[in-house]
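**Student:** Contents of structure_24.json (JSON, C-alpha atoms) are below:
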```
[["chain", "number", "residue", "atom", "x", "y", "z"],
["A", 1, "MET", "CA", -1.32, -15.56, 31.69],
["A", 2, "ARG", "CA", -2.41, -12.87, 29.22],
["A", 3, "ARG", "CA", 0.48, -10.47, 28.86],
["A", 4, "THR", "CA", 1.82, -10.97, 25.35],
["A", 5, "LEU", "CA", 1.11, -8.18, 22.89],
["A", 6, "MET", "CA", 0.92, -9.72, 19.44],
["A", 7, "GLN", "CA", -0.52, -8.98, 16.05],
["A", 8, "PRO", "CA", -3.71, -10.86, 15.09],
["A", 9, "ALA", "CA", -3.17, -14.30, 13.64],
["A", 10, "CYS", "CA", -5.10, -14.10, 10.37],
["A", 11, "THR", "CA", -4.43, -16.32, 7.41],
["A", 12, "PRO", "CA", -6.87, -15.28, 4.66],
["A", 13, "ALA", "CA", -6.18, -16.10, 1.05],
["A", 14, "ALA", "CA", -6.11, -12.59, -0.41],
["A", 15, "PRO", "CA", -4.39, -9.34, 0.69],
["A", 16, "LYS", "CA", -7.73, -7.53, 0.79],
["A", 17, "ARG", "CA", -9.15, -10.12, 3.19],
["A", 18, "LEU", "CA", -5.99, -9.91, 5.30],
["A", 19, "LYS", "CA", -6.35, -6.13, 5.66],
["A", 20, "ILE", "CA", -9.99, -6.48, 6.70],
["A", 21, "CYS", "CA", -9.17, -9.21, 9.21],
["A", 22, "VAL", "CA", -6.36, -7.16, 10.74],
["A", 23, "PHE", "CA", -8.67, -4.15, 10.95],
["A", 24, "ILE", "CA", -11.37, -6.16, 12.73],
["A", 25, "LEU", "CA", -9.07, -7.86, 15.21],
["A", 26, "ALA", "CA", -6.43, -5.21, 15.91],
["A", 27, "ALA", "CA", -8.56, -2.20, 16.83],
["A", 28, "ALA", "CA", -9.65, -2.42, 20.43],
["A", 29, "SER", "CA", -12.56, -0.14, 20.92],
["A", 30, "MET", "CA", -16.14, 0.76, 21.66],
["A", 31, "PHE", "CA", -18.19, 3.95, 21.81],
["A", 32, "THR", "CA", -21.02, 4.78, 24.20],
["A", 33, "GLY", "CA", -24.27, 6.41, 23.20],
["A", 34, "CYS", "CA", -24.98, 4.35, 20.10],
["A", 35, "GLY", "CA", -28.30, 6.12, 19.65],
["A", 36, "SER", "CA", -26.61, 9.41, 18.89],
["A", 37, "ASP", "CA", -26.63, 10.72, 15.35],
["A", 38, "ARG", "CA", -23.11, 12.01, 15.82],
["A", 39, "THR", "CA", -20.34, 9.68, 14.78],
["A", 40, "PRO", "CA", -17.77, 9.21, 17.58],
["A", 41, "GLU", "CA", -14.28, 10.46, 16.79],
["A", 42, "VAL", "CA", -12.41, 7.88, 18.84],
["A", 43, "SER", "CA", -12.75, 4.15, 19.35],
["A", 44, "SER", "CA", -13.62, 3.15, 22.89],
["A", 45, "LEU", "CA", -13.81, 0.16, 25.20],
["A", 46, "SER", "CA", -16.42, -0.17, 27.97],
["A", 47, "ILE", "CA", -16.45, -2.56, 30.91],
["A", 48, "ASP", "CA", -19.56, -3.19, 32.99],
["A", 49, "LYS", "CA", -19.93, -4.41, 36.56],
["A", 50, "ASP", "CA", -20.68, -7.97, 35.45],
["A", 51, "GLY", "CA", -17.34, -8.16, 33.66],
["A", 52, "LYS", "CA", -18.76, -7.88, 30.15],
["A", 53, "VAL", "CA", -16.76, -5.92, 27.62],
["A", 54, "SER", "CA", -18.06, -3.96, 24.64],
["A", 55, "HIS", "CA", -16.06, -2.23, 22.00],
["A", 56, "GLN", "CA", -16.64, -0.26, 18.85],
["A", 57, "ILE", "CA", -14.08, -0.09, 16.10],
["A", 58, "ILE", "CA", -14.06, 3.21, 14.28],
["A", 59, "GLY", "CA", -11.99, 3.73, 11.14],
["A", 60, "GLN", "CA", -11.92, 5.47, 7.82],
["A", 61, "PHE", "CA", -14.23, 3.89, 5.27],
["A", 62, "GLU", "CA", -12.15, 3.42, 2.14],
["A", 63, "GLN", "CA", -14.40, 1.69, -0.37],
["A", 64, "ASP", "CA", -11.49, 0.55, -2.55],
["A", 65, "TYR", "CA", -10.03, -1.05, 0.61],
["A", 66, "TYR", "CA", -13.19, -2.94, 1.62],
["A", 67, "GLU", "CA", -16.97, -2.65, 1.34],
["A", 68, "LYS", "CA", -19.57, -2.80, 4.07],
["A", 69, "ASP", "CA", -21.27, -6.10, 3.16],
["A", 70, "GLY", "CA", -17.95, -7.87, 2.78],
["A", 71, "LEU", "CA", -16.67, -6.48, 6.05],
["A", 72, "THR", "CA", -19.88, -7.54, 7.83],
["A", 73, "SER", "CA", -19.58, -11.03, 6.40],
["A", 74, "LEU", "CA", -15.96, -11.39, 7.50],
["A", 75, "ALA", "CA", -16.72, -10.10, 10.98],
["A", 76, "ARG", "CA", -19.65, -12.51, 11.34],
["A", 77, "GLU", "CA", -17.52, -15.38, 10.09],
["A", 78, "ARG", "CA", -14.78, -14.61, 12.62],
["A", 79, "VAL", "CA", -17.29, -14.36, 15.50],
["A", 80, "GLU", "CA", -18.97, -17.64, 14.55],
["A", 81, "GLU", "CA", -15.61, -19.36, 14.33],
["A", 82, "TYR", "CA", -14.63, -18.15, 17.80],
["A", 83, "CYS", "CA", -17.95, -19.17, 19.35],
["A", 84, "THR", "CA", -17.76, -22.62, 17.78],
["A", 85, "ASP", "CA", -14.40, -23.16, 19.47],
["A", 86, "ASN", "CA", -15.12, -21.42, 22.78],
["A", 87, "GLY", "CA", -18.86, -21.45, 23.43],
["A", 88, "GLU", "CA", -22.02, -19.93, 21.99],
["A", 89, "GLY", "CA", -22.52, -16.27, 22.82],
["A", 90, "LYS", "CA", -19.00, -15.65, 24.06],
["A", 91, "VAL", "CA", -18.64, -12.95, 21.40],
["A", 92, "VAL", "CA", -21.59, -11.16, 19.78],
["A", 93, "LEU", "CA", -21.39, -9.04, 16.65],
["A", 94, "GLY", "CA", -23.60, -5.98, 16.86],
["A", 95, "GLU", "CA", -23.89, -2.95, 14.60],
["A", 96, "VAL", "CA", -21.79, -2.68, 11.48],
["A", 97, "ASP", "CA", -22.41, 0.71, 9.92],
["A", 98, "GLU", "CA", -20.94, 3.40, 7.75],
["A", 99, "ARG", "CA", -21.39, 7.03, 8.74],
["A", 100, "ASP", "CA", -19.69, 10.20, 7.63],
["A", 101, "GLY", "CA", -17.04, 8.28, 5.76],
["A", 102, "LYS", "CA", -16.24, 6.08, 8.77],
["A", 103, "VAL", "CA", -16.92, 2.44, 9.47],
["A", 104, "LEU", "CA", -18.27, 1.43, 12.89],
["A", 105, "ILE", "CA", -18.18, -2.16, 14.15],
["A", 106, "HIS", "CA", -19.71, -2.99, 17.54],
["A", 107, "ILE", "CA", -18.70, -6.24, 19.25],
["A", 108, "ASP", "CA", -19.65, -7.50, 22.74],
["A", 109, "TYR", "CA", -17.63, -9.97, 24.81],
["A", 110, "VAL", "CA", -18.73, -12.03, 27.81],
["A", 111, "SER", "CA", -15.41, -11.41, 29.57],
["A", 112, "ASP", "CA", -11.98, -9.81, 29.34],
["A", 113, "GLU", "CA", -10.59, -13.29, 28.62],
["A", 114, "ASP", "CA", -12.78, -13.56, 25.52],
["A", 115, "TYR", "CA", -11.70, -10.11, 24.36],
["A", 116, "SER", "CA", -8.05, -11.07, 24.80],
["A", 117, "ALA", "CA", -8.41, -14.39, 23.02],
["A", 118, "PHE", "CA", -10.50, -13.02, 20.15],
["A", 119, "ASN", "CA", -8.17, -10.08, 19.49],
["A", 120, "ASN", "CA", -4.91, -11.74, 20.51],
["A", 121, "ARG", "CA", -4.01, -8.82, 22.76],
["A", 122, "THR", "CA", -3.93, -8.00, 26.46],
["A", 123, "LEU", "CA", -7.01, -7.02, 28.43],
["A", 124, "PHE", "CA", -7.21, -7.72, 32.16],
["A", 125, "VAL", "CA", -9.97, -6.58, 34.51],
["A", 126, "GLY", "CA", -9.82, -7.58, 38.16],
["A", 127, "THR", "CA", -8.56, -6.73, 41.62],
["A", 128, "LEU", "CA", -5.04, -5.51, 42.31],
["A", 129, "GLU", "CA", -4.35, -8.82, 44.03],
["A", 130, "GLU", "CA", -5.55, -10.81, 41.02],
["A", 131, "ALA", "CA", -3.35, -8.73, 38.72],
["A", 132, "GLU", "CA", -0.29, -9.43, 40.84],
["A", 133, "GLY", "CA", -1.24, -13.11, 40.81],
["A", 134, "GLN", "CA", -1.03, -13.07, 37.02],
["A", 135, "ASP", "CA", 2.48, -11.57, 37.13],
["A", 136, "TYR", "CA", 1.58, -7.98, 36.30],
["A", 137, "ASN", "CA", 4.27, -6.13, 38.23],
["A", 138, "LEU", "CA", 2.23, -3.16, 39.40],
["A", 139, "GLY", "CA", 4.99, -2.20, 41.82],
["A", 140, "TYR", "CA", 7.03, -1.00, 38.84],
["A", 141, "VAL", "CA", 4.26, 1.23, 37.48],
["A", 142, "ALA", "CA", 4.29, 4.96, 38.30],
["A", 143, "PHE", "CA", 0.68, 6.07, 38.86],
["A", 144, "ILE", "CA", -0.86, 9.52, 39.02],
["A", 145, "SER", "CA", -4.22, 10.82, 40.30],
["A", 146, "PRO", "CA", -6.62, 13.23, 38.51],
["A", 147, "LYS", "CA", -5.12, 16.02, 40.64],
["A", 148, "GLY", "CA", -1.59, 15.19, 39.52],
["A", 149, "GLN", "CA", -0.59, 13.40, 42.71],
["A", 150, "PRO", "CA", 2.00, 10.65, 42.07],
["A", 151, "MET", "CA", 1.26, 7.32, 43.69],
["A", 152, "GLU", "CA", 2.91, 3.92, 44.05],
["A", 153, "ILE", "CA", 0.89, 0.76, 44.36],
["A", 154, "GLY", "CA", 2.08, 0.25, 47.95],
["A", 155, "GLY", "CA", 0.63, 3.59, 49.01],
["A", 156, "ILE", "CA", -2.93, 2.94, 47.82],
["A", 157, "GLU", "CA", -5.41, 2.66, 50.69],
["A", 158, "GLU", "CA", -7.70, -0.38, 50.91],
["A", 159, "PRO", "CA", -6.16, -2.10, 47.88],
["A", 160, "GLU", "CA", -8.53, -5.05, 48.29],
["A", 161, "LYS", "CA", -11.38, -2.76, 47.21],
["A", 162, "LYS", "CA", -9.65, -1.41, 44.11],
["A", 163, "LYS", "CA", -9.93, -2.78, 40.58],
["A", 164, "VAL", "CA", -7.51, -2.38, 37.69],
["A", 165, "VAL", "CA", -7.88, -2.40, 33.92],
["A", 166, "ILE", "CA", -4.75, -3.35, 32.01],
["A", 167, "ILE", "CA", -5.04, -2.80, 28.28],
["A", 168, "GLY", "CA", -2.53, -3.41, 25.51],
["A", 169, "MET", "CA", -2.07, -0.57, 23.03],
["A", 170, "ARG", "CA", -0.42, -0.49, 19.62],
["A", 171, "PRO", "CA", 1.34, 2.46, 17.95],
["A", 172, "THR", "CA", -1.00, 4.99, 16.25],
["A", 173, "GLU", "CA", -4.01, 3.84, 18.33],
["A", 174, "GLU", "CA", -6.29, 6.08, 20.36],
["A", 175, "LEU", "CA", -8.82, 4.58, 22.72],
["A", 176, "LEU", "CA", -11.38, 5.82, 25.23],
["A", 177, "VAL", "CA", -11.72, 3.36, 28.12],
["A", 178, "ASN", "CA", -14.95, 3.53, 30.16],
["A", 179, "THR", "CA", -15.10, 1.82, 33.56],
["A", 180, "TYR", "CA", -18.14, 1.24, 35.77],
["A", 181, "GLY", "CA", -16.57, 3.09, 38.72],
["A", 182, "LYS", "CA", -14.54, 6.14, 39.65],
["A", 183, "VAL", "CA", -11.05, 6.25, 38.16],
["A", 184, "LEU", "CA", -8.47, 6.89, 40.88],
["A", 185, "TYR", "CA", -5.11, 6.51, 39.16],
["A", 186, "VAL", "CA", -3.59, 5.90, 35.73],
["A", 187, "ASN", "CA", -0.04, 5.15, 34.68],
["A", 188, "GLN", "CA", 2.04, 8.27, 34.17],
["A", 189, "SER", "CA", 2.58, 9.21, 30.53],
["A", 190, "ALA", "CA", 6.18, 10.25, 31.22],
["A", 191, "ASP", "CA", 7.17, 6.65, 31.99],
["A", 192, "THR", "CA", 5.78, 5.14, 28.79],
["A", 193, "ASN", "CA", 5.32, 5.91, 25.10],
["A", 194, "LEU", "CA", 1.62, 6.44, 25.81],
["A", 195, "ASP", "CA", -0.35, 9.64, 26.33],
["A", 196, "VAL", "CA", -2.81, 8.92, 29.14],
["A", 197, "SER", "CA", -5.36, 11.46, 30.41],
["A", 198, "PHE", "CA", -8.51, 11.48, 32.53],
["A", 199, "ALA", "CA", -11.69, 11.98, 30.51],
["A", 200, "GLY", "CA", -14.35, 12.18, 33.18],
["A", 201, "LYS", "CA", -15.15, 10.41, 36.43],
["A", 202, "GLY", "CA", -15.01, 6.92, 34.99],
["A", 203, "SER", "CA", -13.19, 7.32, 31.69],
["A", 204, "VAL", "CA", -9.61, 7.55, 30.46],
["A", 205, "ASN", "CA", -8.25, 8.50, 27.06],
["A", 206, "ILE", "CA", -5.15, 6.64, 25.87],
["A", 207, "SER", "CA", -3.19, 7.31, 22.71],
["A", 208, "TYR", "CA", 0.01, 5.81, 21.39],
["A", 209, "PRO", "CA", 1.72, 8.29, 19.07],
["A", 210, "VAL", "CA", 4.37, 7.03, 16.71],
["A", 211, "SER", "CA", 7.79, 7.95, 18.07],
["A", 212, "GLU", "CA", 10.66, 9.30, 16.03],
["A", 213, "SER", "CA", 12.29, 5.89, 16.29],
["A", 214, "GLY", "CA", 9.26, 4.32, 14.60],
["A", 215, "GLU", "CA", 8.36, 2.18, 17.60],
["A", 216, "THR", "CA", 6.22, -0.82, 16.61],
["A", 217, "ASN", "CA", 6.00, -2.75, 19.89],
["A", 218, "GLY", "CA", 2.89, -2.78, 22.04],
["A", 219, "ALA", "CA", 2.65, -1.09, 25.44],
["A", 220, "LEU", "CA", 0.42, -1.65, 28.47],
["A", 221, "SER", "CA", -1.70, 1.03, 30.09],
["A", 222, "TYR", "CA", -3.05, 0.73, 33.65],
["A", 223, "ILE", "CA", -6.25, 2.19, 35.12],
["A", 224, "ILE", "CA", -7.09, 1.80, 38.82],
["A", 225, "PHE", "CA", -10.71, 2.46, 39.81],
["A", 226, "GLU", "CA", -13.23, 1.72, 42.56]]
```
What's the structure tokens form of this structure?
**Tutor:**
Amino acid sequence: MRRTLMQPACTPAAPKRLKICVFILAAASMFTGCGSDRTPEVSSLSIDKDGKVSHQIIGQFEQDYYEKDGLTSLARERVEEYCTDNGEGKVVLGEVDERDGKVLIHIDYVSDEDYSAFNNRTLFVGTLEEAEGQDYNLGYVAFISPKGQPMEIGGIEEPEKKKVVIIGMRPTEELLVNTYGKVLYVNQSADTNLDVSFAGKGSVNISYPVSESGETNGALSYIIFE
């Protein structure tokens, strides 16, 4: 069961290394169109039909905070460590770059389970039935369509043909989630601390603003697609 939202378990020797490790493991994201010269503004996560997951971490490049070669080395070390324990090629480190004062780290995962285990955070991709089987109580989630139509899980037609992405978010994060199909419903923003909006036929933008109470707990966002 992959429902716990936790901070990454990093135990480096120095504070600088800790900050880099947290940055690598905590940001869940990927951007599409890597060939573009324009640096993406928002981290994003993409899921393909074979179940593979890609993400790109995008953050401010503060050279007194870390430097590119050191960050690349730490990312490679973390990926190698995971693959040694879980199987070669389960996680693949791609581009590590610095553009326009931002750092970009591209990482590919064989499955949502590998993403969850590597980052110590929730990501589930599967059918509505499979989600219920893993104790995700979709019946308690208030959904909404791109046209603003509210929907409950029991009212969705042909549920056996629908897939769901469940992603854990942390305060201050913003993430563009790209699916391989048409997004039908997302969880209503009014019922959570998240701002969730449709960003195209197969994409959803999710942000987790910091509340006045200084909320620090994670929250789940739900995307139903076909």
**Student:** Compare A:Glu157, A:Ser207, A:Asp69, A:Ala75 by their minimum atom-to-atom distance to Ser189 of chain A, counting all atoms listed in the file, and give me the closest one.
**Tutor:**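 Residue with the minimum atom-to-atom distance to Ser189 of chain A: A:Ser207.
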**Student:** For the atom pair atom CA of Tyr222 of chain A and atom CA of Gly148 of chain A, what is the interatomic distance in Å to one decimal place?
**Tutor:**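 The value is 15.7 Å.
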**Student:** Taking all atoms listed in the file into account, produce a table as a tab-separated table in which each residue of segment 40-83 of chain A with an atom at most 7 Å from an atom of segment 87-104 of chain A appears once, together with its shortest atom pair and the distance in Å to one decimal, ordered by chain and rising number.
**Tutor:**
```
residue	atom	partner	partner_atom	distance
A:Gln56	CA	A:Leu104	CA	6.4
A:Ile57	CA	A:Leu104	CA	5.5
A:Ile58	CA	A:Leu104	CA	4.8
A:Gly59	CA	A:Val103	CA	5.4
A:Gln60	CA	A:Lys102	CA	4.5
A:Phe61	CA	A:Lys102	CA	4.6
A:Thr72	CA	A:Val96	CA	6.4
A:Arg76	CA	A:Leu93	CA	6.6
A:Val79	CA	A:Val91	CA	6.2
A:Cys83	CA	A:Gly87	CA	4.8
```
**Student:** Counting all atoms listed in the file, which residues sit no farther than 8 Å from the position (0.9, 7.7, 19.2) in the file's frame? I'd like them as number ranges by chain.
**Tutor:** A: 171-174, 193-195, 207-211
**Student:** Mind giving me the straight-line distance from atom CA of Arg121 of chain A to atom CA of Gly168 of chain A in Å, one decimal?
**Tutor:**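 Distance reported for this atom pair: 6.2 Å.
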**Student:** Excluding Ile153 of chain A and residues on its chain fewer than 6 positions from it, collect all residues at most 10 Å away from it, counting all atoms listed in the file, and give them as a list of chain:residue names.
**Tutor:**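 Non-adjacent residues within range: A:Leu128, A:Asn137, A:Leu138, A:Gly139, A:Tyr140, A:Val141, A:Ala142, A:Phe143, A:Pro159, A:Tyr185, A:Ile224.
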**Student:** Between A:Ile47, A:Ala131, A:Met169, A:Ile206, single out the one closest to Leu220 of chain A, counting only C-alpha atoms.
**Tutor:** A:Met169
**Student:** Please report the interatomic distance between atom CA of Leu184 of chain A and atom CA of Asp114 of chain A in Å with one decimal.
**Tutor:**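 One can read the atom CA of Leu184 of chain A to atom CA of Asp114 of chain A distance as 25.9 Å.
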**Student:** Hey, can you pull every residue with an atom no more than 12 Å from (-0.1, 16.0, 37.5), using only C-alpha atoms, and send it as number ranges by chain?
**Tutor:** A: 142-151, 185-190, 196-198
**Student:** Please determine, counting all atoms listed in the file, which residue among A:Glu67, A:Glu80, A:Asp135, A:Glu152 has the shortest atom-to-atom distance to Phe118 of chain A.
**Tutor:**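 Of the candidates, the smallest distance to Phe118 of chain A is held by A:Glu80.
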**Student:** Would you please work out which residue, of A:Ile156, A:Ala219, A:Val164, A:Leu45, is nearest to Asp108 of chain A when using all atoms listed in the file?
**Tutor:**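 Of all the options, A:Leu45 lies closest to Asp108 of chain A.
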**Student:** Could you give me the axis-aligned bounding box of segment 163-179 of chain A, with 6 Å of padding per side, as centre plus edge lengths in Å to one decimal, as JSON?
**Tutor:**
```
{"center_x": -6.9, "center_y": 1.3, "center_z": 28.4, "size_x": 28.4, "size_y": 21.5, "size_z": 36.3}
```
**Student:** Find the residue from A:Thr127, A:Tyr115, A:Val110, A:Gln134 that sits nearest to Glu158 of chain A; use all atoms listed in the file when measuring.
**Tutor:** A:Thr127
